[in-house]
Structures are given as structure tokens and as C-alpha cells.
Amino acid sequence: MKLYNSRTRSVEAFEPLRSGEVRIYVCGMTPSAQAHLGHARSFLFFDVLRRYLKHRGYRVNYVQNVTDIDDRSINAAKATGGYYHDIVDGYYAEFKASMRKLGVLEYDHEPYATNFIEPIQAMIRELIEGGHAYVTQDGIYYRVATFANYGKLANRNIDELESGARIEIDEHKEDPLDFALWKFAKPGEPRWPFEPYGEGRPGWHIECSAMSRALLDPDGHGFDIHGGGADLIFPHHENEIAQSEPLMARPPMANFWVHGGLLLFENRKMAKSIGNFEPLSQLLERHDPQAIRWLFLQTGYRKVMNFTEDSIGAAAIGLARIKAAYRNLTPATDGEPIPSPELDRRMEAALDDDVNTAAALAVLYDVVNNSTPSREDLAYWLGILGVPPNDSWLEEPSAQLAPDFIPKILHELNKLGFVIFAMPPTAEATIEKLIELRNEARLKKNWSASDKLRDALQRCGVELKDSKEGTTWSVTVSP
RNA sequence: GGCGACGUAGCCAAGUGGUAAGGCAGGGCUCUGCAAAAGCCCCAUUCGGCAGUUCGAAUCUGCCCGUCGCCUCCA
């Protein structure tokens, strides 16, 4: 398959470094605030990539870290008097619940930065020994000038970066570009001992270098894919490379660097830092998680995407068509290969092309419109995309009857002047009774009465369908 | 100021040299007493603008216009 590599800025044939195994490290959450849809887009993409690599026959070792120590959670703890890690745990639990709803596979490793203090410190020591880091009065810093390739990933040169006015000025640093590997603790801050330098906590970038090395690449020969949102390219991933590669036997740190396009909300970046977002958990209460995934699958993963509320509705309707087709398909016969060669060929052609999920969806629509794959065949590919059919797909779309259905329908019938004797006790039986009455009217060709009954039910959220087999009802689905 | 991405139908969007996928919306039809549901069909002579390269350009080059992102914590 082909995959876009940010490191070379081109689409390249993907081959794992070790035969049969793909090692992926994706920069995960900093749970010091709620996750938003932008996070979901990024992690949903890597979920599809994993699933597809597995389809391709690779063993996938997927690591997604948790930055469970950062300034914001510490400050939040200071402000509320709480314990910083309780804040982190709360947000992370919420994030994980959302990921489960979205059908994201469990990660193979889910390392917390604070569980890797030792490897982080070992790495900092090596960097100091190699002259790549130095100690100041408030922390230990990486000496950017010692790494010749600094800026290569982000396509920036050091002079340009230096001339930018937006770099923080710190009199203790040798160079404005130098960044913290270790921050000495101020009173009341969480701290870990680090002899002989001083108690403190790791900087943000070092954890990814140390944890990817510990979990994926102890030999220093590099791993396959390092991923994250496009906003991480600079400085985060640039700094990771600077930290890792001088210590490696055989750079580069990652063979492929893969970055997901950012999600915009009202044409501005969706980010907690500027408050331009809605919490993911809240959005998931309003929308079908599979529809959200479907929406993202319709757009190339590297493209900037502007999110609108309407777009989820359109995606949900499109998905509903696939669901309807799935319902109408027949199960595979014995011995029928899953996936079938034809669909396999077409889907792989789409997904081999830098995970072109939009083209893959077009294949599915085309297949469903023009042929009759087996249910399992369609389900297989929906599964690769992370939208596996579940039992509810086999049912007509349904919603819950309003709790006040009986009083509402009685009121409607009253207005129309219907008098019903012996009204059944449950809503369901009431509906059946009214269908019976309506069908009696229809037999007598009393269309006006029958339509009034149907309309009354419609106003109470119940939709009738007449077919040759009789009349069925369902609760109106509001998308 | 530097670096980069994007601009394709009413909306979303695939397509990076060979003559415009797909979805939503819209229109028509089948079925039906009428509906609903489902299905079928139609829906860009054209890809932000202007030049250029080419037998051939949405795709390559140049300039211009517009939107956004990164350069600071960020998926």
C-alpha cells in the first residue's frame, strides 16, 4: 500500500521494517481538559489505518500515550485545591468512554508519562552525556544547536525560527529554540527525584521519545509509523526527533511520519486552548457515533475539514442507506469467501492509495446500488472501516415512543371526535387498536377517517406503513 | 515576516496529464386509495481567475484573488 510520509513529503510504498509486523506510535491525549471532535477525527483515522493494516495481514503493535502530567492540570489542581492526577483521570476516563462509543479499538499499549519516569530520566542523562542537554536553574534543556537536522521534518531552518518573534524569551536558556526536558518543581508541584539534578517533572516532548523507545524500539533501529495531528509537527515531533535520533544506532526514529489534517469549527481551528469546541462526550449524546465516523470517512484524512452540524446529518442519512441495503441483503452461502475477491480488489485499490476512505465509501455505495454482495461481505468491509453492522442494523430504524404518548393520542382523538371504548392499557396495544380501526375504515373506503387516524398517530410520533402484508408502525426517527 | 495546505455542482467531497467518483439536497418515476418506506432514473461541456507548457490540463508552470493552518500549549 501507499502512504503519505511527512518525513519525505511524498506518497511512498509502505513496507514494515520487520517482516509482518507494524509498530505504530501515536501521540495521544493530554487529559487536562475535555476531548473534542478534532481529537476524535485524528484517532478515528489511526483506528482505520490499524484495521486496514490488519486486513493486509500485518501484526500491528499500536501505542498511544497519555500525557498525564502538564502545566494545565497542575494549575487546575492549584486552583481547585485538588490533586492533579484526579483531574487527569477524570478527563481521560471521559475520553476513553467516547472512544469506545466511536468504536475505536483498544490500544495495545497505553503508556502514562508518569509511569515512565525512569526511562525518561535515563534518556535525559544520555543527552546530557552526549552534550545535547544542559542544566539551568529552572530545568534541563535540550541544546538544539547540537542537532544538525533540527527543522527538517517541519521544513524550517533554524535562522527563520530564530527570527520569529513568537519564541519565548528565557534568560536561562542558551538559545530561544532550546526546550525543556525536565522542569524543576516549584513549591506544591508534583515531583519525582532526579539525582543529581533535582526534583521535578518531565517536559512534554521527552515522554514520547522515551516511551516509543521503551515500547517499540529498544534497539534504536527505528519503528514504522509515528502519527499525530498536523499541529504536532512543530515543535512536538521535531523535538522528539532531536531527542531520539542522536541516541539511535540507526535513525530515523520513525520510517513514516503520518499526520492527520485538523478539524475546523466555524472555520477556526477546533482547540481547547481557544475555547472553540464542543466537548466530544456532549456531541456523542446528540449524534450516532457511527454517523460521525462515516462523516470523517468521506473526507481525505490529510485535508483540513470544516465541521458543521448539517454535515453529520447528511452523513447519517447516507449511512442509513447502507444500513437499509444491508438489511435487504441475504447472508452468505456455505463456502462463499469473505471477503469476496471482487469487493476485496476494489476496496484494496481504494485503501491502498493512502487510505482513500472516500473512494472506499464510493465503492460500497456502488456495490450496494448495482449488485448484491452477501451480508457478511459488506459487513467485513464496514468492519475494516470501523463501522461494523450490529443487531440494530437488521431492525427498521426505531426510536422510543414518547413517554406521554397515551395522553397525547387521546387528546388527538378527542379533537377529531373519535370515541374509543375499552382503550387498551399500553401504548403498543393502543396503536394496534387504532390500526385495526383504521383498517376497518379503509375497508369501507372511508379514506377521510382512515387518514385522520394516521395523521393523529403521525402527530404523536408514530408512522404507519401499509404494505401487502398489512400495516406496520414505527416511531418517527428524528436524525 | 517565514513555512505550508486548500479553493471541484445549492452543500460536503474523490480525483495529481487522457477527457469530472460518491454522499446530501433537489426533480421525475415505480409501488400505493392517498401516504410512508424502499427501489429506479435525472442532476458540473466543467474544476477560484488570467496567462503558459502539451496532441491533450481540474491535474504541470507562472502570476493574481480568496480561505485556513503552523511558526507558542494543542489531535
# chains A, B, ... in the order shown; residues from 1 in each chain; ligands from 1
$ interface_residues --of "chain B" --to "chain A" --cutoff "6 Å" --atoms "only C-alpha atoms (C1' of nucleotides)" --output "PyMOL selection string"
chain B and resi 14+22+24+36+75
$ select_by_dssp --residues "stretch 89-273 of chain A" --states "alpha helix (DSSP H)" --output "PyMOL selection string"
chain A and resi 89-101+117-129+158-163+204-216+238-244
$ write_last_selection --atoms "C-alpha atoms" --output "CSV table (one decimal), in the first residue's frame"
chain,number,residue,atom,x,y,z
A,89,ASP,CA,-8.0,10.6,35.4
A,90,GLY,CA,-11.5,12.2,35.2
A,91,TYR,CA,-10.9,13.6,31.7
A,92,TYR,CA,-9.1,10.5,30.5
A,93,ALA,CA,-12.0,8.3,31.6
A,94,GLU,CA,-14.4,10.5,29.7
A,95,PHE,CA,-12.1,10.4,26.6
A,96,LYS,CA,-11.9,6.6,26.7
A,97,ALA,CA,-15.7,6.3,27.0
A,98,SER,CA,-16.1,8.4,23.9
A,99,MET,CA,-13.5,6.4,22.0
A,100,ARG,CA,-15.4,3.2,22.9
A,101,LYS,CA,-18.7,4.7,21.7
A,117,ILE,CA,9.9,8.4,34.7
A,118,GLU,CA,12.9,6.1,34.9
A,119,PRO,CA,13.3,5.7,31.1
A,120,ILE,CA,12.7,9.4,30.6
A,121,GLN,CA,15.5,10.2,33.1
A,122,ALA,CA,17.8,7.6,31.5
A,123,MET,CA,17.3,9.3,28.2
A,124,ILE,CA,17.9,12.8,29.7
A,125,ARG,CA,21.2,11.5,31.2
A,126,GLU,CA,22.3,10.2,27.8
A,127,LEU,CA,21.5,13.5,26.2
A,128,ILE,CA,23.5,15.4,28.8
A,129,GLU,CA,26.4,13.0,28.4
A,158,ILE,CA,16.9,27.5,12.4
A,159,ASP,CA,17.5,31.0,11.2
A,160,GLU,CA,13.9,31.5,10.3
A,161,LEU,CA,12.8,30.1,13.6
A,162,GLU,CA,15.2,32.4,15.4
A,163,SER,CA,13.9,35.4,13.6
A,204,TRP,CA,6.2,17.3,27.2
A,205,HIS,CA,8.3,16.1,24.3
A,206,ILE,CA,10.7,13.7,26.1
A,207,GLU,CA,8.0,11.3,27.2
A,208,CYS,CA,7.2,10.3,23.6
A,209,SER,CA,10.9,9.8,22.8
A,210,ALA,CA,11.4,7.6,25.9
A,211,MET,CA,8.2,5.7,25.7
A,212,SER,CA,8.4,4.9,22.0
A,213,ARG,CA,12.0,3.7,22.6
A,214,ALA,CA,11.0,1.6,25.6
A,215,LEU,CA,7.9,0.0,23.9
A,216,LEU,CA,8.7,-0.1,20.2
A,238,GLU,CA,10.6,18.0,15.6
A,239,ASN,CA,11.7,17.9,19.2
A,240,GLU,CA,11.1,14.2,19.5
A,241,ILE,CA,13.3,13.6,16.6
A,242,ALA,CA,16.0,15.8,18.0
A,243,GLN,CA,15.9,13.9,21.3
A,244,SER,CA,15.8,10.4,19.9
$ residues_around --residues "A:Thr146" --least-positions-apart "4" --cutoff "10 Å" --atoms "only C-alpha atoms (C1' of nucleotides)" --output "list of chain:residue names"
A:Gly130, A:Gly131, A:His132, A:Ala133, A:Tyr142, A:Tyr150, A:Ala242, A:Pro246
$ write_last_selection --atoms "N, CA and C atoms" --output "compact mmCIF listing (two decimals), in the first residue's frame"
# COMPACT_ATOMS: atom_id res chain seq x y z
N GLY A 130 25.98 13.25 26.07
CA GLY A 130 26.35 13.50 24.68
C GLY A 130 26.47 14.97 24.34
N GLY A 131 26.27 15.84 25.32
CA GLY A 131 26.37 17.27 25.07
C GLY A 131 25.11 17.87 24.46
N HIS A 132 24.01 17.10 24.40
CA HIS A 132 22.80 17.59 23.76
C HIS A 132 21.86 18.30 24.74
N ALA A 133 22.25 18.29 26.02
CA ALA A 133 21.38 18.93 27.01
C ALA A 133 22.21 19.60 28.09
N TYR A 142 17.18 20.99 26.19
CA TYR A 142 17.80 20.39 25.01
C TYR A 142 18.52 21.48 24.24
N TYR A 150 17.77 19.64 12.87
CA TYR A 150 16.64 20.29 13.50
C TYR A 150 15.87 21.18 12.51
N ALA A 242 14.76 15.29 17.53
CA ALA A 242 16.01 15.84 18.05
C ALA A 242 16.47 15.08 19.29
N PRO A 246 19.85 11.38 17.98
CA PRO A 246 21.28 11.35 18.35
C PRO A 246 21.65 10.11 19.18
$ residues_around --residues "stretch 404-415 of chain A" --least-positions-apart "4" --cutoff "12 Å" --atoms "only C-alpha atoms (C1' of nucleotides)" --output "CSV table (one decimal) with C-alpha atoms, in the first residue's frame"
chain,number,residue,atom,x,y,z
A,400,GLN,CA,-38.5,5.4,21.7
A,419,VAL,CA,-64.7,8.0,20.9
A,420,ILE,CA,-62.9,4.8,21.7
A,421,PHE,CA,-64.3,2.3,24.1
A,423,MET,CA,-58.9,1.8,25.4
A,424,PRO,CA,-56.0,-0.8,25.9
A,425,PRO,CA,-53.6,0.0,28.7
A,426,THR,CA,-50.3,0.1,26.9
A,427,ALA,CA,-49.2,2.4,24.1
A,428,GLU,CA,-48.3,-0.5,21.9
A,429,ALA,CA,-51.8,-2.1,22.2
A,430,THR,CA,-53.3,1.3,21.7
A,431,ILE,CA,-51.5,1.7,18.4
A,434,LEU,CA,-56.1,2.2,16.2
A,449,ALA,CA,-61.5,8.7,8.7
A,452,LYS,CA,-57.3,11.3,10.2
A,453,LEU,CA,-56.3,8.4,12.3
A,454,ARG,CA,-53.0,8.1,10.5
A,455,ASP,CA,-52.3,11.8,10.9
A,456,ALA,CA,-53.2,11.7,14.5
A,457,LEU,CA,-50.7,8.9,15.1
A,458,GLN,CA,-48.1,10.8,13.0
A,459,ARG,CA,-48.5,13.9,15.2
A,460,CYS,CA,-47.8,11.6,18.2
A,461,GLY,CA,-44.6,10.3,16.6
A,462,VAL,CA,-45.9,7.1,15.2
A,475,VAL,CA,-41.6,5.5,15.8
$ atom_distance --atom1 "atom CA of A:His226" --atom2 "atom CA of A:Asn255"
7.9 Å
$ atom_distance --atom1 "atom CA of A:Gly383" --atom2 "atom CA of A:Phe14"
22.2 Å
$ atom_distance --atom1 "atom C1' of B:A57" --atom2 "atom C1' of B:U8"
14.1 Å
$ select_by_dssp --residues "stretch 138-362 of chain A" --states "strand (DSSP E or B)" --output "number ranges by chain"
A: 139-142, 179-184, 192, 200-202, 223-229, 254-260, 263-265, 268-269, 271, 276, 279, 305-307, 353
$ write_last_selection --atoms "C-alpha atoms" --output "PDB file, in the first residue's frame"
ATOM      1  CA  GLY A 139      15.303  22.872  34.469  1.00  0.00           C
ATOM      2  CA  ILE A 140      17.205  20.774  31.987  1.00  0.00           C
ATOM      3  CA  TYR A 141      17.111  21.924  28.378  1.00  0.00           C
ATOM      4  CA  TYR A 142      17.799  20.390  25.013  1.00  0.00           C
ATOM      5  CA  PHE A 179      13.217  23.324  25.012  1.00  0.00           C
ATOM      6  CA  ALA A 180      12.669  21.770  28.409  1.00  0.00           C
ATOM      7  CA  LEU A 181      13.424  18.106  29.033  1.00  0.00           C
ATOM      8  CA  TRP A 182      12.933  18.398  32.776  1.00  0.00           C
ATOM      9  CA  LYS A 183      11.321  21.126  34.838  1.00  0.00           C
ATOM     10  CA  PHE A 184      12.413  21.568  38.427  1.00  0.00           C
ATOM     11  CA  TRP A 192       9.975  12.974  41.086  1.00  0.00           C
ATOM     12  CA  GLY A 200      10.819  17.871  39.138  1.00  0.00           C
ATOM     13  CA  ARG A 201       8.789  16.585  36.238  1.00  0.00           C
ATOM     14  CA  PRO A 202       9.439  15.737  32.595  1.00  0.00           C
ATOM     15  CA  PHE A 223       9.905   1.888  14.202  1.00  0.00           C
ATOM     16  CA  ASP A 224       7.373   2.074  11.390  1.00  0.00           C
ATOM     17  CA  ILE A 225       4.837   4.823  11.864  1.00  0.00           C
ATOM     18  CA  HIS A 226       4.715   7.829  14.126  1.00  0.00           C
ATOM     19  CA  GLY A 227       1.437   9.660  13.991  1.00  0.00           C
ATOM     20  CA  GLY A 228      -0.493  12.580  15.335  1.00  0.00           C
ATOM     21  CA  GLY A 229      -2.367  15.685  14.312  1.00  0.00           C
ATOM     22  CA  ALA A 254      10.196   6.556  12.562  1.00  0.00           C
ATOM     23  CA  ASN A 255      10.197   5.359   8.985  1.00  0.00           C
ATOM     24  CA  PHE A 256       6.861   7.033   8.248  1.00  0.00           C
ATOM     25  CA  TRP A 257       5.518  10.162   9.875  1.00  0.00           C
ATOM     26  CA  VAL A 258       1.780  10.368   9.357  1.00  0.00           C
ATOM     27  CA  HIS A 259      -0.234  13.450  10.211  1.00  0.00           C
ATOM     28  CA  GLY A 260      -3.962  13.912  10.214  1.00  0.00           C
ATOM     29  CA  LEU A 263     -10.693  19.873  12.089  1.00  0.00           C
ATOM     30  CA  LEU A 264     -12.087  23.373  11.914  1.00  0.00           C
ATOM     31  CA  PHE A 265     -15.213  24.517  13.650  1.00  0.00           C
ATOM     32  CA  ARG A 268     -11.422  28.233  13.090  1.00  0.00           C
ATOM     33  CA  LYS A 269      -9.255  25.527  14.491  1.00  0.00           C
ATOM     34  CA  ALA A 271      -8.960  23.679  20.100  1.00  0.00           C
ATOM     35  CA  ASN A 276     -13.549  26.913  20.046  1.00  0.00           C
ATOM     36  CA  PRO A 279     -16.921  18.529  24.237  1.00  0.00           C
ATOM     37  CA  MET A 305     -12.027  19.761   7.279  1.00  0.00           C
ATOM     38  CA  ASN A 306     -14.596  22.281   8.335  1.00  0.00           C
ATOM     39  CA  PHE A 307     -17.159  20.784  10.640  1.00  0.00           C
ATOM     40  CA  ASP A 353      -3.997   4.598  -2.147  1.00  0.00           C
TER      41      ASP A 353
END
